[in-house]
Amino acid sequence: MCKNSDQDKIYLVAAVVEASSCLLIYRRCLYCNNGQNGVQVILHNYLNFPELYDTILTINEDLQDMRGHKFLLTTRPYFPYCDYYAVNNKPEALVILKDSLDTRILNIFAMKLNFSYEVREAPGRAFGDEKSRGQYTGMIGQLQREEADFSTIIAPTAGRLRFALFARIYPSDKMVITSLKPEPLPASLAIIRPFAGELWVALLMSVGAWGVSLWLLQRAWQWVVGGREEVDLITSLLYGYGALLQNLPSDPTISISGRVMMAWWLVFCLVISTGYNSSLIAHLTVQGMTQSLDTFQDLLNQRNWRWGTEPWQFSGATLEYFSKNPDPVVKAINSAMEWYIVDTIQSLDKVLEGQFSFISVKNYVKVFVESWYTNDKGETPLYISNNGIYVLACFGWAFRKGVPFYERFNRLVSRLDDAGITDFWTNEVIARRVKENRDSANLDILTNLNQNDKDVVLSLHHLQGAFYLLLVGSIVAFLALLGENLAHYWSSPQ
């Protein structure tokens, strides 16, 4: 009988006893003794098979069954990826997982590989930051000190990869901007909105330049042929202005050159007036909206605008990205970031007050917006930007160095991802949590949001700009009349 004298410490042992001509091969079995370490016989044969020696050196343990081994996990709340409630208020307390993406994946892995787990809250609910001499806090610190087997939701960084193994469980969630929805533009400016500002300036300069050119042309013609002056400067300017408004005054010229110049001016006025009329109709029937805030540059372009986030979201890998990024836009956003926000509800309430935006990851803030800031019709005053930045390469789980089940977990994750189950579970978890939140609140929030009618009837609200323009014109005419009277009074003999 061949025996092994040190079964607990040897991974693979070949014991050869010539007297009995037998060969016994043992290996260390990590999870076969009620989930604890043990030794397992994997080969019992005679020595007349020397080719088995090479096979002995290549035998590896394929972890298909962990025999009920209990893993110790460390985590922190980050819905929809992980959520829980603590058993007590003590530091690093035992927690009970709620329905979330990590909970579903853990349960599938535990059923497939036959293991159990115990979950505890990370110290300070921290992901893990390097403090000094390579010592980490939070979840990474626990893995570094081998106080836990692996952690849930966390992102890899160059520093963390020195002390932990990472498995990509789900794609990174992009960071977005939550602001008030774009508001309707002032109806009083609808009559000038069809053209951009530079086009209005160019049009005004064209009217003036054409009127002066026509006047000079007529003066030159009168100087050549002789005779009295037929057209003065004011008449030329008013003719150009009237043609642009499609209300031609009397013909101010009698020369052929002047009429050719007028003909081309009328073609120019036709193009300009057609473009303005069509654009004006569109702006009156479909009310314009202010610009949506989709990028960090859009935030910087706003005047007297503020932004902020919850401190825990700008820690760890996210803080490292913003503090070390050389992009001047990212630097400007980081330097003006407000960190004193207590929670997401407070942040979104500040957004409703105006002149403020909340920066957060999309899946996280989406739950709050759809739960407490959206009515039964799906209407909400908040706008989550379509564009976003991927601060982190991916999200996943971190494992302490040397764990033998790392590759097995990676293979199971790939199978879930390839089957589309990860994305399906993410959407399902979010939808279920939103429904639970709304049912518990039992409120229909923000029911008085205005909706644009399909059939738009123009009213005084739409055309108020024309009346303002008439008022301004009347005031200018009154001032001109006053100036004429004063000039006549001072110029008349006493």
# chains A, B, ... in the order shown; residues from 1 in each chain; ligands from 1
call {"tool": "residues_around", "arguments": {"residues": "Gly128 (chain A)", "least_positions_apart": "5", "cutoff": "6 Å", "atoms": "only C-alpha atoms", "output": "list in words"}}
result
Tyr136, Thr137, Gly138, Met139 and Ile140 of chain A
call {"tool": "write_last_selection", "arguments": {"atoms": "all heavy atoms", "output": "PDB file, in the first residue's frame"}}
result
ATOM      1  N   TYR A 136      -3.801  49.721   0.162  1.00  0.00           N
ATOM      2  CA  TYR A 136      -5.080  50.181  -0.339  1.00  0.00           C
ATOM      3  C   TYR A 136      -6.146  50.107   0.749  1.00  0.00           C
ATOM      4  O   TYR A 136      -6.058  49.297   1.679  1.00  0.00           O
ATOM      5  CB  TYR A 136      -5.525  49.336  -1.534  1.00  0.00           C
ATOM      6  CG  TYR A 136      -4.993  49.831  -2.852  1.00  0.00           C
ATOM      7  CD1 TYR A 136      -3.674  49.602  -3.208  1.00  0.00           C
ATOM      8  CD2 TYR A 136      -5.804  50.546  -3.728  1.00  0.00           C
ATOM      9  CE1 TYR A 136      -3.170  50.070  -4.421  1.00  0.00           C
ATOM     10  CE2 TYR A 136      -5.323  51.009  -4.940  1.00  0.00           C
ATOM     11  CZ  TYR A 136      -4.008  50.763  -5.283  1.00  0.00           C
ATOM     12  OH  TYR A 136      -3.524  51.228  -6.474  1.00  0.00           O
ATOM     13  N   THR A 137      -7.153  50.966   0.572  1.00  0.00           N
ATOM     14  CA  THR A 137      -8.296  50.956   1.463  1.00  0.00           C
ATOM     15  C   THR A 137      -9.444  50.214   0.790  1.00  0.00           C
ATOM     16  O   THR A 137      -9.327  49.729  -0.330  1.00  0.00           O
ATOM     17  CB  THR A 137      -8.739  52.393   1.779  1.00  0.00           C
ATOM     18  OG1 THR A 137      -9.123  53.047   0.550  1.00  0.00           O
ATOM     19  CG2 THR A 137      -7.612  53.182   2.412  1.00  0.00           C
ATOM     20  N   GLY A 138     -10.581  50.149   1.456  1.00  0.00           N
ATOM     21  CA  GLY A 138     -11.798  49.624   0.861  1.00  0.00           C
ATOM     22  C   GLY A 138     -11.704  48.176   0.421  1.00  0.00           C
ATOM     23  O   GLY A 138     -11.013  47.351   1.035  1.00  0.00           O
ATOM     24  N   MET A 139     -12.403  47.864  -0.662  1.00  0.00           N
ATOM     25  CA  MET A 139     -12.484  46.490  -1.142  1.00  0.00           C
ATOM     26  C   MET A 139     -11.131  45.969  -1.610  1.00  0.00           C
ATOM     27  O   MET A 139     -10.778  44.818  -1.351  1.00  0.00           O
ATOM     28  CB  MET A 139     -13.519  46.405  -2.263  1.00  0.00           C
ATOM     29  CG  MET A 139     -14.939  46.655  -1.807  1.00  0.00           C
ATOM     30  SD  MET A 139     -16.192  46.270  -3.061  1.00  0.00           S
ATOM     31  CE  MET A 139     -15.943  47.612  -4.206  1.00  0.00           C
ATOM     32  N   ILE A 140     -10.371  46.795  -2.330  1.00  0.00           N
ATOM     33  CA  ILE A 140      -9.059  46.350  -2.802  1.00  0.00           C
ATOM     34  C   ILE A 140      -8.134  46.062  -1.626  1.00  0.00           C
ATOM     35  O   ILE A 140      -7.341  45.110  -1.653  1.00  0.00           O
ATOM     36  CB  ILE A 140      -8.443  47.411  -3.726  1.00  0.00           C
ATOM     37  CG1 ILE A 140      -9.288  47.559  -4.980  1.00  0.00           C
ATOM     38  CG2 ILE A 140      -7.024  47.044  -4.118  1.00  0.00           C
ATOM     39  CD1 ILE A 140      -9.365  46.307  -5.818  1.00  0.00           C
TER      40      ILE A 140
END
call {"tool": "select_by_dssp", "arguments": {"residues": "region 91-319 of chain A", "states": "strand (DSSP E or B)", "output": "number ranges by chain"}}
result
A: 94-97, 115-121, 130-132, 135-136, 150-154, 164-171, 175-180, 184, 289, 306-308
call {"tool": "atom_distance", "arguments": {"atom1": "CA of Glu379 (chain A)", "atom2": "CA of Val365 (chain A)"}}
result
16.1 Å
call {"tool": "residues_around", "arguments": {"residues": "region 85-93 of chain A", "least_positions_apart": "3", "cutoff": "8 Å", "atoms": "only C-alpha atoms", "output": "list in words"}}
result
Ile96, Leu97, Lys98, Arg120, Glu121, Ala122, Pro123 and Gly124 of chain A
call {"tool": "write_last_selection", "arguments": {"atoms": "C-alpha atoms", "output": "PDB file, in the first residue's frame"}}
result
ATOM      1  CA  ILE A  96     -28.314  40.588   2.607  1.00  0.00           C
ATOM      2  CA  LEU A  97     -28.286  41.148  -1.139  1.00  0.00           C
ATOM      3  CA  LYS A  98     -31.324  42.600  -2.888  1.00  0.00           C
ATOM      4  CA  ARG A 120     -19.943  41.902   4.015  1.00  0.00           C
ATOM      5  CA  GLU A 121     -19.894  45.636   3.467  1.00  0.00           C
ATOM      6  CA  ALA A 122     -16.579  47.148   2.405  1.00  0.00           C
ATOM      7  CA  PRO A 123     -14.808  49.354   4.970  1.00  0.00           C
ATOM      8  CA  GLY A 124     -16.161  52.863   4.577  1.00  0.00           C
TER       9      GLY A 124
END
call {"tool": "residues_around", "arguments": {"residues": "Phe79 (chain A)", "least_positions_apart": "6", "cutoff": "9 Å", "atoms": "only C-alpha atoms", "output": "short mmCIF file (atom, residue, chain, number, x, y, z; two decimals) with N, CA, C and O atoms, in the first residue's frame"}}
result
data_model
loop_
_atom_site.label_atom_id
_atom_site.label_comp_id
_atom_site.auth_asym_id
_atom_site.auth_seq_id
_atom_site.Cartn_x
_atom_site.Cartn_y
_atom_site.Cartn_z
N SER A 100 -30.42 42.45 -7.83
CA SER A 100 -29.54 43.29 -8.62
C SER A 100 -28.79 42.40 -9.58
O SER A 100 -28.92 41.17 -9.56
N LEU A 101 -28.00 43.01 -10.44
CA LEU A 101 -27.28 42.23 -11.45
C LEU A 101 -26.27 41.29 -10.81
O LEU A 101 -26.18 40.11 -11.17
N ASN A 363 -27.09 54.48 -15.94
CA ASN A 363 -28.00 53.49 -15.37
C ASN A 363 -28.39 53.84 -13.93
O ASN A 363 -29.48 53.51 -13.48
N TYR A 364 -27.49 54.50 -13.22
CA TYR A 364 -27.76 54.85 -11.83
C TYR A 364 -28.79 55.97 -11.74
O TYR A 364 -29.81 55.86 -11.04
N VAL A 367 -32.68 55.36 -12.86
CA VAL A 367 -33.63 54.79 -11.91
C VAL A 367 -34.33 55.89 -11.12
O VAL A 367 -35.55 55.86 -10.91
N ILE A 430 -33.52 47.13 -13.62
CA ILE A 430 -33.87 48.55 -13.56
C ILE A 430 -35.39 48.74 -13.63
O ILE A 430 -35.97 49.50 -12.85
#
call {"tool": "select_by_dssp", "arguments": {"residues": "region 204-423 of chain A", "states": "alpha helix (DSSP H)", "output": "ChimeraX atom specification"}}
result
/A:204-225,233-244,256-285,296-301,316-324,328-335,344-353,362-372,406-418,421-423
call {"tool": "atom_distance", "arguments": {"atom1": "CA of Trp339 (chain A)", "atom2": "CA of Gly308 (chain A)"}}
result
6.1 Å
call {"tool": "residues_around", "arguments": {"residues": "Pro80 (chain A)", "least_positions_apart": "6", "cutoff": "12 Å", "atoms": "only C-alpha atoms", "output": "compact mmCIF listing (two decimals) with N, CA and C atoms, in the first residue's frame"}}
result
# COMPACT_ATOMS: atom_id res chain seq x y z
N LEU A 97 -28.19 40.57 0.19
CA LEU A 97 -28.29 41.15 -1.14
C LEU A 97 -29.74 41.28 -1.59
N LYS A 98 -30.04 42.41 -2.23
CA LYS A 98 -31.32 42.60 -2.89
C LYS A 98 -31.20 42.18 -4.35
N ASP A 99 -32.34 42.23 -5.04
CA ASP A 99 -32.32 41.88 -6.45
C ASP A 99 -31.50 42.90 -7.22
N SER A 100 -30.42 42.45 -7.83
CA SER A 100 -29.54 43.29 -8.62
C SER A 100 -28.79 42.40 -9.58
N LEU A 101 -28.00 43.01 -10.44
CA LEU A 101 -27.28 42.23 -11.45
C LEU A 101 -26.27 41.29 -10.81
N ASP A 102 -25.50 41.78 -9.84
CA ASP A 102 -24.51 40.92 -9.17
C ASP A 102 -25.19 39.78 -8.42
N THR A 103 -26.33 40.05 -7.81
CA THR A 103 -27.03 39.00 -7.07
C THR A 103 -27.44 37.87 -8.00
N ARG A 104 -27.95 38.20 -9.16
CA ARG A 104 -28.37 37.16 -10.09
C ARG A 104 -27.18 36.36 -10.62
N ILE A 153 -18.95 44.80 -7.80
CA ILE A 153 -18.76 45.93 -8.69
C ILE A 153 -17.54 46.80 -8.34
N TYR A 170 -19.58 43.17 -16.76
CA TYR A 170 -20.54 43.93 -17.55
C TYR A 170 -19.83 45.15 -18.13
N ASP A 173 -20.54 51.75 -17.67
CA ASP A 173 -21.67 52.65 -17.81
C ASP A 173 -21.13 54.06 -18.05
N VAL A 361 -23.49 58.46 -13.56
CA VAL A 361 -23.54 57.39 -14.56
C VAL A 361 -25.00 57.13 -14.95
N LYS A 362 -25.20 56.72 -16.19
CA LYS A 362 -26.52 56.71 -16.78
C LYS A 362 -27.48 55.74 -16.09
N ASN A 363 -27.09 54.48 -15.94
CA ASN A 363 -28.00 53.49 -15.37
C ASN A 363 -28.39 53.84 -13.93
N TYR A 364 -27.49 54.50 -13.22
CA TYR A 364 -27.76 54.85 -11.83
C TYR A 364 -28.79 55.97 -11.74
N VAL A 365 -28.57 57.07 -12.48
CA VAL A 365 -29.48 58.20 -12.38
C VAL A 365 -30.80 57.92 -13.09
N LYS A 366 -30.79 57.02 -14.06
CA LYS A 366 -32.02 56.69 -14.79
C LYS A 366 -33.08 56.13 -13.85
N VAL A 367 -32.68 55.36 -12.86
CA VAL A 367 -33.63 54.79 -11.91
C VAL A 367 -34.33 55.89 -11.12
N PHE A 368 -33.59 56.89 -10.68
CA PHE A 368 -34.19 57.98 -9.90
C PHE A 368 -35.12 58.83 -10.75
N THR A 422 -26.64 39.16 -19.70
CA THR A 422 -26.20 40.28 -18.85
C THR A 422 -26.98 41.55 -19.17
N ASP A 423 -27.09 41.89 -20.44
CA ASP A 423 -27.86 43.09 -20.83
C ASP A 423 -29.34 42.92 -20.49
N TRP A 425 -30.70 41.09 -18.09
CA TRP A 425 -30.89 41.23 -16.64
C TRP A 425 -30.76 42.68 -16.20
N THR A 426 -29.81 43.43 -16.80
CA THR A 426 -29.65 44.83 -16.42
C THR A 426 -30.92 45.62 -16.64
N ASN A 427 -31.51 45.49 -17.82
CA ASN A 427 -32.76 46.21 -18.11
C ASN A 427 -33.90 45.73 -17.23
N GLU A 428 -33.96 44.43 -16.97
CA GLU A 428 -35.05 43.89 -16.16
C GLU A 428 -34.93 44.37 -14.71
N VAL A 429 -33.72 44.39 -14.18
CA VAL A 429 -33.52 44.84 -12.79
C VAL A 429 -33.91 46.31 -12.64
N ILE A 430 -33.52 47.13 -13.62
CA ILE A 430 -33.87 48.55 -13.56
C ILE A 430 -35.39 48.74 -13.63
N ALA A 431 -36.03 48.05 -14.56
CA ALA A 431 -37.49 48.19 -14.71
C ALA A 431 -38.22 47.74 -13.45
N ARG A 432 -37.76 46.66 -12.84
CA ARG A 432 -38.42 46.17 -11.63
C ARG A 432 -38.24 47.14 -10.48
N ARG A 433 -37.04 47.70 -10.33
CA ARG A 433 -36.81 48.65 -9.23
C ARG A 433 -37.63 49.92 -9.43
N VAL A 434 -37.73 50.40 -10.66
CA VAL A 434 -38.54 51.59 -10.92
C VAL A 434 -39.99 51.34 -10.54
call {"tool": "atom_distance", "arguments": {"atom1": "CA of Ser179 (chain A)", "atom2": "CA of Asp376 (chain A)"}}
result
20.5 Å
call {"tool": "residues_around", "arguments": {"residues": "region 235-252 of chain A", "least_positions_apart": "4", "cutoff": "7 Å", "atoms": "only C-alpha atoms", "output": "list in words"}}
result
Val207, Gly208, Gly211, Leu214, Trp215, Val231, Leu266, Cys269 and Ser273 of chain A
call {"tool": "closest_residue", "arguments": {"among": "A:Leu284, A:Leu382, A:Ala336, A:Ala155", "to": "Glu353 (chain A)", "atoms": "only C-alpha atoms"}}
result
A:Leu382
call {"tool": "decode", "arguments": {"residues": "region 146-157 of chain A", "atoms": "all heavy atoms", "output": "short mmCIF file (atom, residue, chain, number, x, y, z; two decimals), in the first residue's frame"}}
result
data_model
loop_
_atom_site.label_atom_id
_atom_site.label_comp_id
_atom_site.auth_asym_id
_atom_site.auth_seq_id
_atom_site.Cartn_x
_atom_site.Cartn_y
_atom_site.Cartn_z
N GLU A 146 -6.01 39.62 1.89
CA GLU A 146 -6.65 38.31 1.83
C GLU A 146 -7.71 38.14 2.91
O GLU A 146 -7.88 37.07 3.49
CB GLU A 146 -5.61 37.19 1.92
CG GLU A 146 -4.63 37.20 0.75
CD GLU A 146 -3.74 35.97 0.73
OE1 GLU A 146 -3.85 35.13 1.66
OE2 GLU A 146 -2.94 35.84 -0.21
N GLU A 147 -8.41 39.24 3.18
CA GLU A 147 -9.53 39.19 4.11
C GLU A 147 -10.83 38.83 3.40
O GLU A 147 -11.84 38.62 4.06
CB GLU A 147 -9.68 40.55 4.81
CG GLU A 147 -8.48 40.92 5.66
CD GLU A 147 -8.58 42.33 6.21
OE1 GLU A 147 -9.54 43.04 5.87
OE2 GLU A 147 -7.68 42.72 6.99
N ALA A 148 -10.81 38.79 2.06
CA ALA A 148 -11.97 38.40 1.27
C ALA A 148 -11.48 37.66 0.04
O ALA A 148 -10.34 37.83 -0.40
CB ALA A 148 -12.80 39.62 0.87
N ASP A 149 -12.35 36.82 -0.50
CA ASP A 149 -11.98 36.06 -1.70
C ASP A 149 -12.15 36.89 -2.96
O ASP A 149 -11.30 36.87 -3.85
CB ASP A 149 -12.83 34.79 -1.79
CG ASP A 149 -12.52 33.83 -0.66
OD1 ASP A 149 -11.33 33.49 -0.49
OD2 ASP A 149 -13.46 33.43 0.06
N PHE A 150 -13.25 37.61 -3.07
CA PHE A 150 -13.43 38.50 -4.22
C PHE A 150 -14.48 39.54 -3.87
O PHE A 150 -15.17 39.44 -2.85
CB PHE A 150 -13.79 37.73 -5.50
CG PHE A 150 -15.09 36.97 -5.46
CD1 PHE A 150 -16.27 37.53 -5.94
CD2 PHE A 150 -15.14 35.67 -4.97
CE1 PHE A 150 -17.45 36.82 -5.94
CE2 PHE A 150 -16.31 34.95 -4.96
CZ PHE A 150 -17.48 35.52 -5.44
N SER A 151 -14.57 40.55 -4.72
CA SER A 151 -15.49 41.66 -4.49
C SER A 151 -16.42 41.78 -5.69
O SER A 151 -16.13 41.29 -6.78
CB SER A 151 -14.72 42.98 -4.32
OG SER A 151 -14.19 43.41 -5.56
N THR A 152 -17.53 42.46 -5.48
CA THR A 152 -18.44 42.75 -6.58
C THR A 152 -18.02 44.06 -7.25
O THR A 152 -16.85 44.42 -7.21
CB THR A 152 -19.89 42.82 -6.09
OG1 THR A 152 -20.00 43.89 -5.12
CG2 THR A 152 -20.29 41.51 -5.42
N ILE A 153 -18.95 44.80 -7.80
CA ILE A 153 -18.76 45.93 -8.69
C ILE A 153 -17.54 46.80 -8.34
O ILE A 153 -17.46 47.41 -7.27
CB ILE A 153 -20.03 46.80 -8.71
CG1 ILE A 153 -19.84 48.05 -9.54
CG2 ILE A 153 -20.50 47.13 -7.29
CD1 ILE A 153 -19.75 47.77 -11.00
N ILE A 154 -16.59 46.85 -9.27
CA ILE A 154 -15.40 47.68 -9.13
C ILE A 154 -14.76 47.81 -10.50
O ILE A 154 -15.03 47.00 -11.40
CB ILE A 154 -14.42 47.06 -8.10
CG1 ILE A 154 -13.42 48.12 -7.60
CG2 ILE A 154 -13.71 45.85 -8.69
CD1 ILE A 154 -12.61 47.67 -6.42
N ALA A 155 -13.94 48.82 -10.68
CA ALA A 155 -13.29 49.07 -11.97
C ALA A 155 -11.79 48.85 -11.85
O ALA A 155 -11.19 49.18 -10.82
CB ALA A 155 -13.57 50.49 -12.45
N PRO A 156 -11.15 48.31 -12.87
CA PRO A 156 -9.70 48.09 -12.82
C PRO A 156 -8.93 49.38 -13.09
O PRO A 156 -9.31 50.19 -13.93
CB PRO A 156 -9.48 47.07 -13.94
CG PRO A 156 -10.58 47.33 -14.91
CD PRO A 156 -11.75 47.75 -14.10
N THR A 157 -7.85 49.55 -12.38
CA THR A 157 -6.89 50.63 -12.64
C THR A 157 -5.49 50.03 -12.61
O THR A 157 -5.29 48.88 -12.17
CB THR A 157 -6.99 51.74 -11.59
OG1 THR A 157 -6.64 51.21 -10.29
CG2 THR A 157 -8.39 52.33 -11.53
#
